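Asker: Please see the structure below; I have some questions.
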Amino acid sequence: MDVIGVVASVVYQFCTNAAFLLLCALGLIIILGMMNIINLAHGELMMMGAYAASASYSRGAPFWLAAIIAFVAVGIFGAVLEATIVRRFYGRELGALVVTWGVSLVLSQGFLLLFGPFMPPIQIPEGNIALGQYSFSYYWISMFLIAALLVAALWWIYNRTDIGLQARATMQNPAMARALGVDTRRIYMMTFTLGAALAGLSGALLAPTTSIMPFMGQQFVAPAFITVVVGGATNVIAGAVGSSLLLSLVKTPVGFFLGAFLGTVALLLAALIIIRLLPDGISAAIQRRLDLRHRMR
Amino acid sequence: MANPFSLLNGPEDLGRGPVFWGGAAIVVALFLAVPLYLSDFAAYNVSYYLLNIPMALGLCLLWGYCGVLSFGQVAYFGIAGYAYGVIAGNFVGHSWGPMLGSLGGLVMAAIVAAVFGYFVFFARVQIWILPILTLVLTLLLETFLGQTAGYQWRVGVVQLGGYNGMTGIPAFQIGDFVFSGYSFFYLALGLALVCYLACRMLVNSRHGKVMLAIREDALRTEMLGYDIRVRQWLVFVLAALLAALSGLLYVQWGNYITPSQVGLLSAALPVIWVAVGGREKLLAVVIGTYALNWLNYQLSSSGNQYALVIIGALLVIVMVFFPRGLVVSLADLAGRRSAPSEASTARVRG
């Protein structure tokens with residue numbers, strides 16, 4: 001009985017860590033994969049999502065509705081950001097990094113001045129499953145399911161819709177896609193909007209686990225960046241899933257035995273070693289495998 | 001070996017010829033004469049603006065001349081500051097303690113940069129990975145230092161101090177001469193000048209030309225027989241050493257350091273100085289660093305909460321409208337008046 005409990009507990013830890021990394025990184029990696037741009041304001045977009053969720057939750061909206069409001073609100077903000085600033089930096093990766101950092105400074109400090117240092121907290125939705133002496137919260141189990149659902153939805157959009165086809169064409173060869181009549185500017189704008197909206201959603205979903213403050217985005221930034229670096233930009237979905245599972249494999253045991261901080265340090269060390277072996281991230285390795293199998297057929 | 005004066009007067013920085021050097025000499029003379037017209041306290045503030053210049057110069061070499069962006073220069077700043085505090089603090093009373101501490105700080109920063117840089121540069125990672133990983137490094141350093149509160153986190157007799165930071169760090173001294181007030185001002189001024197002139201000689205040397213070639217076209221440079229991994233790695237370590245020098249000066253200036261010195265907001269500052277001044281020219285970075293530190297001090301000392309918003313907005317505006325930096329754009333404008341053909345060949349790069 002206890003063996004089952006220990007196994008379930010390890011699996012549960014592994015799944016929650018993977019879900020956390022995936023939720024942190026998903027919006028970032030979508031934008032990176034499409035435009036080769038790292039959005040350094042990602043943490044602040046998550047913060048905005050948490051703010052939107054907190055504001056609607058404290059006015060009586062249920063948690064799921066608050067999360068959807070965050071998704072939409074931050075998505076709209078992302079579209080504005082793309083149209084006014086980010087659009088000028090396509091093809092200039094370092095310039096885009098620096099300018100989005102400027103945006104993140106303005107956002108975090110601006111939110112502090114506008115809304116003060118704290119927002120009303122969101123209660124973790126209650127409920128536990130008990131198994132032996134271990135108990136597992138419904139909240140984290142549903143986070144894992146939501147992360148899986150988001151990945152499935154993205155896979156469907158990229159592989160089964162016309163927009164997704166155009167997006168993949170733009171990713172592979174923007175000049176050729178434009179020549180064939182794809183409106184790449186629109187694809188870029190939609191991608192950035194989707195990435196921002198996903199960041200807002202993740203911020204709202206993770207908001208119950210932390211205090212909602214203007215600088216809360218910082219705590220998500222390090223895990224999100226490491227996940228993206230390990231995942232690489234070749235194949236967005238394979239990169240995000242593969243990297244968050246792999247990193248969870250590193251983080252779960254280290255964090256379990258040595259504490260959360262050393263778990264994050266282990267993530268950085270793992271990232272350094274992985275990029276030394278696979279400079280383009282594991283998504284490039286997965287994509288090579290897939291291409292090879294495709295050709296064999 | 002090229003003539004050092006022709007290296008100083010080379011083409012890879014703003015300003016050449018007798019008029020420029022005459023003007024520069026006047027500015028330096030004005031700084032040297034600071035005790036004549038500034039109080040002890042004002043000179044103390046000016047020292048702070050000056051001590052940030054080496055770190056900015058290192059980032060300028062890395063980003064503007066080598067095309068490699070680092071967001072984590074403050075990590076080396078912090079490592080050197082903490083190492084100095086630990087070593088010098090354990091040898092209080094010995095006149096060689098601060099000297100040993102400075103050496104230890106530089107060595108520690110260089111070792112961390114060398115190991116970190118080995119993994120990144122020899123993996124030939126994509127261009128956006130280095131800024132992110134350096135940022136992660138500095139954030140982790142902040143988290144680590146933040147949880148070192150309490151008596152069990154001590155090295156010898158020095159406590160690391162958690163979020164309250166390390167206090168009572170000894171001032172710098174050579175022999176029995178302790179640098180403080182005006183003498184520290186001269187120390188900071190002298191080191192900033194030496195670093196600037198040395199960087200200027202570096203970018204005009206053969207190695208500097210190779211750096212520029214890597215920035216312009218890494219693949220072609222490699223095909224010409226240069227090992228770009230080693231070159232970038234060396235510049236990375238040099239930039240870390242310059243950041244470490246700033247860190248040493250900082251703790252010797254204020255006698256304390258806190259984890260927020262390696263936090264996200266502090267990490268943004270060097271990037272802002274370099275971007276706003278103009279990353280492709282060393283002199284522009286020196287001017288930008290000095291001016292922005294002055295501005296930041298004026299904004300925050302008057303209790304202005306909008307300091308960070310203003311500095312962040314300044315970065316966004318400069319990146320959007322003056323991608324080469326304010327000082328460089330102004331210099332171009334002045335240069336175009338006098339010599340239209342030279343300035344028109346300047347290109348905007350991302």
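Ordering of the structure tokens sets the chain letters (A, B, ...), residue numbers begin anew at 1 in every chain, and ligands are numbered from 1 in the order given.
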Using only C-alpha atoms, find the residues of chain A whose closest atom to chain B is at most 7 Å away, then write them as a ChimeraX atom specification.

Answerer: /A:92-95,99,102-103,105-106,109-110,222,225,229,265,272,275-276,279-280

Asker: Those same residues, written as a PDB file, in the first residue's frame with N, CA and C atoms?

Answerer:
```pdb
ATOM      1  N   ARG A  92      15.620  41.399 -36.029  1.00  0.00           N
ATOM      2  CA  ARG A  92      16.690  41.937 -35.177  1.00  0.00           C
ATOM      3  C   ARG A  92      16.516  41.355 -33.791  1.00  0.00           C
ATOM      4  N   GLU A  93      17.052  40.154 -33.609  1.00  0.00           N
ATOM      5  CA  GLU A  93      16.733  39.395 -32.394  1.00  0.00           C
ATOM      6  C   GLU A  93      17.184  40.119 -31.127  1.00  0.00           C
ATOM      7  N   LEU A  94      18.427  40.639 -31.141  1.00  0.00           N
ATOM      8  CA  LEU A  94      18.930  41.250 -29.912  1.00  0.00           C
ATOM      9  C   LEU A  94      18.180  42.547 -29.613  1.00  0.00           C
ATOM     10  N   GLY A  95      17.867  43.305 -30.678  1.00  0.00           N
ATOM     11  CA  GLY A  95      17.081  44.521 -30.487  1.00  0.00           C
ATOM     12  C   GLY A  95      15.736  44.209 -29.856  1.00  0.00           C
ATOM     13  N   VAL A  99      14.311  45.672 -26.309  1.00  0.00           N
ATOM     14  CA  VAL A  99      13.136  46.538 -26.245  1.00  0.00           C
ATOM     15  C   VAL A  99      12.039  45.902 -25.397  1.00  0.00           C
ATOM     16  N   GLY A 102      12.742  46.659 -21.884  1.00  0.00           N
ATOM     17  CA  GLY A 102      12.275  47.990 -21.513  1.00  0.00           C
ATOM     18  C   GLY A 102      10.781  47.977 -21.205  1.00  0.00           C
ATOM     19  N   VAL A 103      10.023  47.266 -22.061  1.00  0.00           N
ATOM     20  CA  VAL A 103       8.578  47.157 -21.828  1.00  0.00           C
ATOM     21  C   VAL A 103       8.306  46.517 -20.480  1.00  0.00           C
ATOM     22  N   LEU A 105      10.129  46.532 -17.779  1.00  0.00           N
ATOM     23  CA  LEU A 105      10.399  47.482 -16.676  1.00  0.00           C
ATOM     24  C   LEU A 105       9.230  48.432 -16.486  1.00  0.00           C
ATOM     25  N   VAL A 106       8.761  48.982 -17.623  1.00  0.00           N
ATOM     26  CA  VAL A 106       7.660  49.940 -17.549  1.00  0.00           C
ATOM     27  C   VAL A 106       6.416  49.269 -16.969  1.00  0.00           C
ATOM     28  N   GLN A 109       6.856  48.313 -13.009  1.00  0.00           N
ATOM     29  CA  GLN A 109       6.847  49.507 -12.166  1.00  0.00           C
ATOM     30  C   GLN A 109       5.529  50.265 -12.325  1.00  0.00           C
ATOM     31  N   GLY A 110       5.000  50.303 -13.563  1.00  0.00           N
ATOM     32  CA  GLY A 110       3.733  50.989 -13.800  1.00  0.00           C
ATOM     33  C   GLY A 110       2.588  50.346 -13.027  1.00  0.00           C
ATOM     34  N   ALA A 222      12.878  32.609 -14.809  1.00  0.00           N
ATOM     35  CA  ALA A 222      13.999  31.673 -14.908  1.00  0.00           C
ATOM     36  C   ALA A 222      13.547  30.298 -15.407  1.00  0.00           C
ATOM     37  N   PHE A 225      12.567  30.517 -19.175  1.00  0.00           N
ATOM     38  CA  PHE A 225      13.682  30.655 -20.107  1.00  0.00           C
ATOM     39  C   PHE A 225      14.459  29.357 -20.239  1.00  0.00           C
ATOM     40  N   VAL A 229      15.136  27.385 -23.673  1.00  0.00           N
ATOM     41  CA  VAL A 229      16.497  27.152 -24.167  1.00  0.00           C
ATOM     42  C   VAL A 229      16.700  25.666 -24.452  1.00  0.00           C
ATOM     43  N   VAL A 265      18.623  25.443  -9.525  1.00  0.00           N
ATOM     44  CA  VAL A 265      20.032  25.457  -9.941  1.00  0.00           C
ATOM     45  C   VAL A 265      20.318  24.252 -10.832  1.00  0.00           C
ATOM     46  N   LEU A 272      22.735  23.942 -19.339  1.00  0.00           N
ATOM     47  CA  LEU A 272      24.076  24.165 -19.897  1.00  0.00           C
ATOM     48  C   LEU A 272      24.604  22.892 -20.545  1.00  0.00           C
ATOM     49  N   ILE A 275      22.521  22.027 -23.830  1.00  0.00           N
ATOM     50  CA  ILE A 275      22.834  22.797 -25.039  1.00  0.00           C
ATOM     51  C   ILE A 275      24.252  22.539 -25.512  1.00  0.00           C
ATOM     52  N   ARG A 276      25.137  22.081 -24.584  1.00  0.00           N
ATOM     53  CA  ARG A 276      26.491  21.710 -25.029  1.00  0.00           C
ATOM     54  C   ARG A 276      26.390  20.509 -25.969  1.00  0.00           C
ATOM     55  N   PRO A 279      22.976  21.874 -29.385  1.00  0.00           N
ATOM     56  CA  PRO A 279      22.924  23.346 -29.372  1.00  0.00           C
ATOM     57  C   PRO A 279      21.584  23.920 -29.812  1.00  0.00           C
ATOM     58  N   ASP A 280      20.823  23.202 -30.610  1.00  0.00           N
ATOM     59  CA  ASP A 280      19.548  23.752 -31.067  1.00  0.00           C
ATOM     60  C   ASP A 280      18.383  23.248 -30.229  1.00  0.00           C
TER      61      ASP A 280
END
```

Asker: Taking only segment 79-137 of chain B into account, list the residues labelled helix (DSSP H, G or I) by DSSP (computed from the backbone), as an MDAnalysis selection string.

Answerer: chainID B and resid 79:90 97:121 129:137

Asker: Using C-alpha atoms, can you export the residues from the last selection as a PDB file, in the first residue's frame?

Answerer:
```pdb
ATOM      1  CA  ILE B  79      30.498  37.938  -7.312  1.00  0.00           C
ATOM      2  CA  ALA B  80      33.480  40.288  -7.141  1.00  0.00           C
ATOM      3  CA  GLY B  81      31.787  42.510  -4.560  1.00  0.00           C
ATOM      4  CA  TYR B  82      30.879  39.611  -2.286  1.00  0.00           C
ATOM      5  CA  ALA B  83      34.271  37.942  -2.712  1.00  0.00           C
ATOM      6  CA  TYR B  84      36.020  41.195  -1.798  1.00  0.00           C
ATOM      7  CA  GLY B  85      33.762  41.611   1.219  1.00  0.00           C
ATOM      8  CA  VAL B  86      34.487  38.092   2.463  1.00  0.00           C
ATOM      9  CA  ILE B  87      38.255  38.188   1.911  1.00  0.00           C
ATOM     10  CA  ALA B  88      38.950  41.767   3.015  1.00  0.00           C
ATOM     11  CA  GLY B  89      36.535  41.384   5.920  1.00  0.00           C
ATOM     12  CA  ASN B  90      38.468  38.381   7.194  1.00  0.00           C
ATOM     13  CA  GLY B  97      43.691  42.552   3.052  1.00  0.00           C
ATOM     14  CA  PRO B  98      41.872  44.829   0.556  1.00  0.00           C
ATOM     15  CA  MET B  99      44.508  44.111  -2.087  1.00  0.00           C
ATOM     16  CA  LEU B 100      44.056  40.355  -1.659  1.00  0.00           C
ATOM     17  CA  GLY B 101      40.269  40.838  -1.651  1.00  0.00           C
ATOM     18  CA  SER B 102      40.382  42.752  -4.945  1.00  0.00           C
ATOM     19  CA  LEU B 103      42.521  40.080  -6.519  1.00  0.00           C
ATOM     20  CA  GLY B 104      40.213  37.375  -5.189  1.00  0.00           C
ATOM     21  CA  GLY B 105      37.146  39.152  -6.565  1.00  0.00           C
ATOM     22  CA  LEU B 106      38.634  39.444 -10.035  1.00  0.00           C
ATOM     23  CA  VAL B 107      39.765  35.813 -10.042  1.00  0.00           C
ATOM     24  CA  MET B 108      36.382  34.515  -8.825  1.00  0.00           C
ATOM     25  CA  ALA B 109      34.486  36.474 -11.482  1.00  0.00           C
ATOM     26  CA  ALA B 110      36.885  35.332 -14.204  1.00  0.00           C
ATOM     27  CA  ILE B 111      36.545  31.679 -13.183  1.00  0.00           C
ATOM     28  CA  VAL B 112      32.741  31.781 -13.199  1.00  0.00           C
ATOM     29  CA  ALA B 113      32.702  33.599 -16.542  1.00  0.00           C
ATOM     30  CA  ALA B 114      35.230  31.193 -18.051  1.00  0.00           C
ATOM     31  CA  VAL B 115      33.297  28.071 -17.035  1.00  0.00           C
ATOM     32  CA  PHE B 116      29.918  29.521 -18.024  1.00  0.00           C
ATOM     33  CA  GLY B 117      31.313  30.892 -21.286  1.00  0.00           C
ATOM     34  CA  TYR B 118      32.910  27.565 -22.143  1.00  0.00           C
ATOM     35  CA  PHE B 119      29.527  25.824 -22.185  1.00  0.00           C
ATOM     36  CA  VAL B 120      27.808  28.547 -24.162  1.00  0.00           C
ATOM     37  CA  PHE B 121      30.390  29.575 -26.749  1.00  0.00           C
ATOM     38  CA  ILE B 129      20.459  31.953 -25.855  1.00  0.00           C
ATOM     39  CA  LEU B 130      23.361  33.790 -24.203  1.00  0.00           C
ATOM     40  CA  PRO B 131      21.334  36.806 -22.995  1.00  0.00           C
ATOM     41  CA  ILE B 132      18.751  34.489 -21.485  1.00  0.00           C
ATOM     42  CA  LEU B 133      21.142  32.135 -19.760  1.00  0.00           C
ATOM     43  CA  THR B 134      23.203  34.994 -18.340  1.00  0.00           C
ATOM     44  CA  LEU B 135      19.987  36.498 -17.004  1.00  0.00           C
ATOM     45  CA  VAL B 136      19.023  33.181 -15.413  1.00  0.00           C
ATOM     46  CA  LEU B 137      22.490  32.956 -13.840  1.00  0.00           C
TER      47      LEU B 137
END
```

Asker: Could you tell me how far atom CA of Cys60 of chain B sits from atom CA of Ala218 of chain B, in Å to one decimal place?

Answerer: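 If I compute the distance from atom CA of Ala218 of chain B to atom CA of Cys60 of chain B, I get 18.1 Å.
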
Asker: Please compute the atom CA of Thr209 of chain A-atom CA of Ile124 of chain A distance, one decimal, in Å.

Answerer: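 Answer for the atom CA of Thr209 of chain A to atom CA of Ile124 of chain A separation: 6.9 Å.
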
Asker: Mind pulling up the distance from atom CA of Ile226 of chain A to atom CA of Gly27 of chain A?

Answerer: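 Rounded to one decimal, the two atoms are 13.7 Å apart.
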
Asker: Just list as a PyMOL selection string whatever in segment 141-215 of chain B DSSP marks as strand (DSSP E or B).

Answerer: chain B and resi 154-155+158-159+166-167+173-174+177-178

Asker: Taking a cut-off of 12 Å and counting only C-alpha atoms, can you build a table that, for each residue of segment 122-233 of chain A near segment 58-64 of chain A, reports the nearest atom pair and how far apart they are in Å (one decimal), sorted by chain then residue number, as a tab-separated table?

Answerer:
```
residue	atom	partner	partner_atom	distance
A:Ile122	CA	A:Ser58	CA	7.8
A:Gln123	CA	A:Phe63	CA	9.1
A:Ile124	CA	A:Phe63	CA	9.4
A:Pro125	CA	A:Phe63	CA	8.1
A:Glu126	CA	A:Phe63	CA	11.6
A:Tyr139	CA	A:Phe63	CA	11.3
A:Ser142	CA	A:Trp64	CA	11.6
A:Met143	CA	A:Trp64	CA	11.8
A:Ile146	CA	A:Trp64	CA	11.3
A:Leu201	CA	A:Trp64	CA	10.2
A:Ala204	CA	A:Phe63	CA	8.8
A:Leu205	CA	A:Phe63	CA	8.6
A:Leu206	CA	A:Phe63	CA	11.4
A:Ala207	CA	A:Phe63	CA	10.4
A:Pro208	CA	A:Phe63	CA	9.7
```

Asker: Excluding segment 31-36 of chain A and its own-chain neighbours fewer than 5 positions away, which residues fall within 9 Å of it when counting only C-alpha atoms? Please give them as a compact mmCIF listing (two decimals) with C-alpha atoms, in the first residue's frame.

Answerer:
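Saved as out_22.txt:
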```
# COMPACT_ATOMS: atom_id res chain seq x y z
CA LEU A 26 4.25 27.84 -23.61
CA TYR A 90 11.46 41.42 -36.70
CA GLY A 91 14.78 40.10 -37.93
CA GLU A 93 16.73 39.40 -32.39
CA ALA A 167 1.91 29.50 -39.78
CA ARG A 168 4.14 26.48 -40.32
CA THR A 170 5.87 31.12 -42.48
CA MET A 171 8.06 29.47 -39.89
CA GLN A 172 9.95 27.41 -42.46
CA ILE A 187 0.50 35.43 -39.02
CA TYR A 188 3.14 37.17 -36.92
CA THR A 191 1.19 34.38 -33.13
CA PHE A 192 2.31 37.15 -30.83
CA THR A 193 -1.26 37.67 -29.67
CA LEU A 194 -1.69 33.95 -29.00
CA GLY A 195 1.63 33.81 -27.14
CA ALA A 196 0.65 36.79 -24.98
CA VAL A 228 12.71 27.38 -23.85
CA GLY A 232 14.74 25.11 -28.87
CA ALA A 233 12.73 26.69 -31.63
CA THR A 234 12.67 24.05 -34.34
CA ASN A 235 9.39 22.39 -33.43
CA VAL A 236 7.35 24.35 -30.94
CA TRP B 128 19.35 34.64 -28.30
```

Asker: Give the answer as one residue: which of B:Val210, B:Phe41, B:Phe77, B:Phe172 has the shortest atom-to-atom distance to Leu224 of chain B, using only C-alpha atoms?

Answerer: B:Val210

Asker: For Ala238 of chain A, find every residue with an atom within 9 Å (counting only C-alpha atoms), except residues of its own chain fewer than 5 positions away, and show them as an NGL selection string.

Answerer: :A and (231 or 243 or 282-284 or 286-287)

Asker: Have a look at A:Ile4, A:Asn17, A:Tyr138, A:Leu114 and name the one nearest to Lys251 of chain A; count only C-alpha atoms.

Answerer: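 That would be A:Asn17, the residue with the smallest distance to Lys251 of chain A.
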
Asker: Given the choices A:Leu258, A:Ile237, A:Val7, A:Ile37, which gets closest to Arg88 of chain A if the distance is worked out from only C-alpha atoms?

Answerer: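 Closest candidate: A:Ile37.
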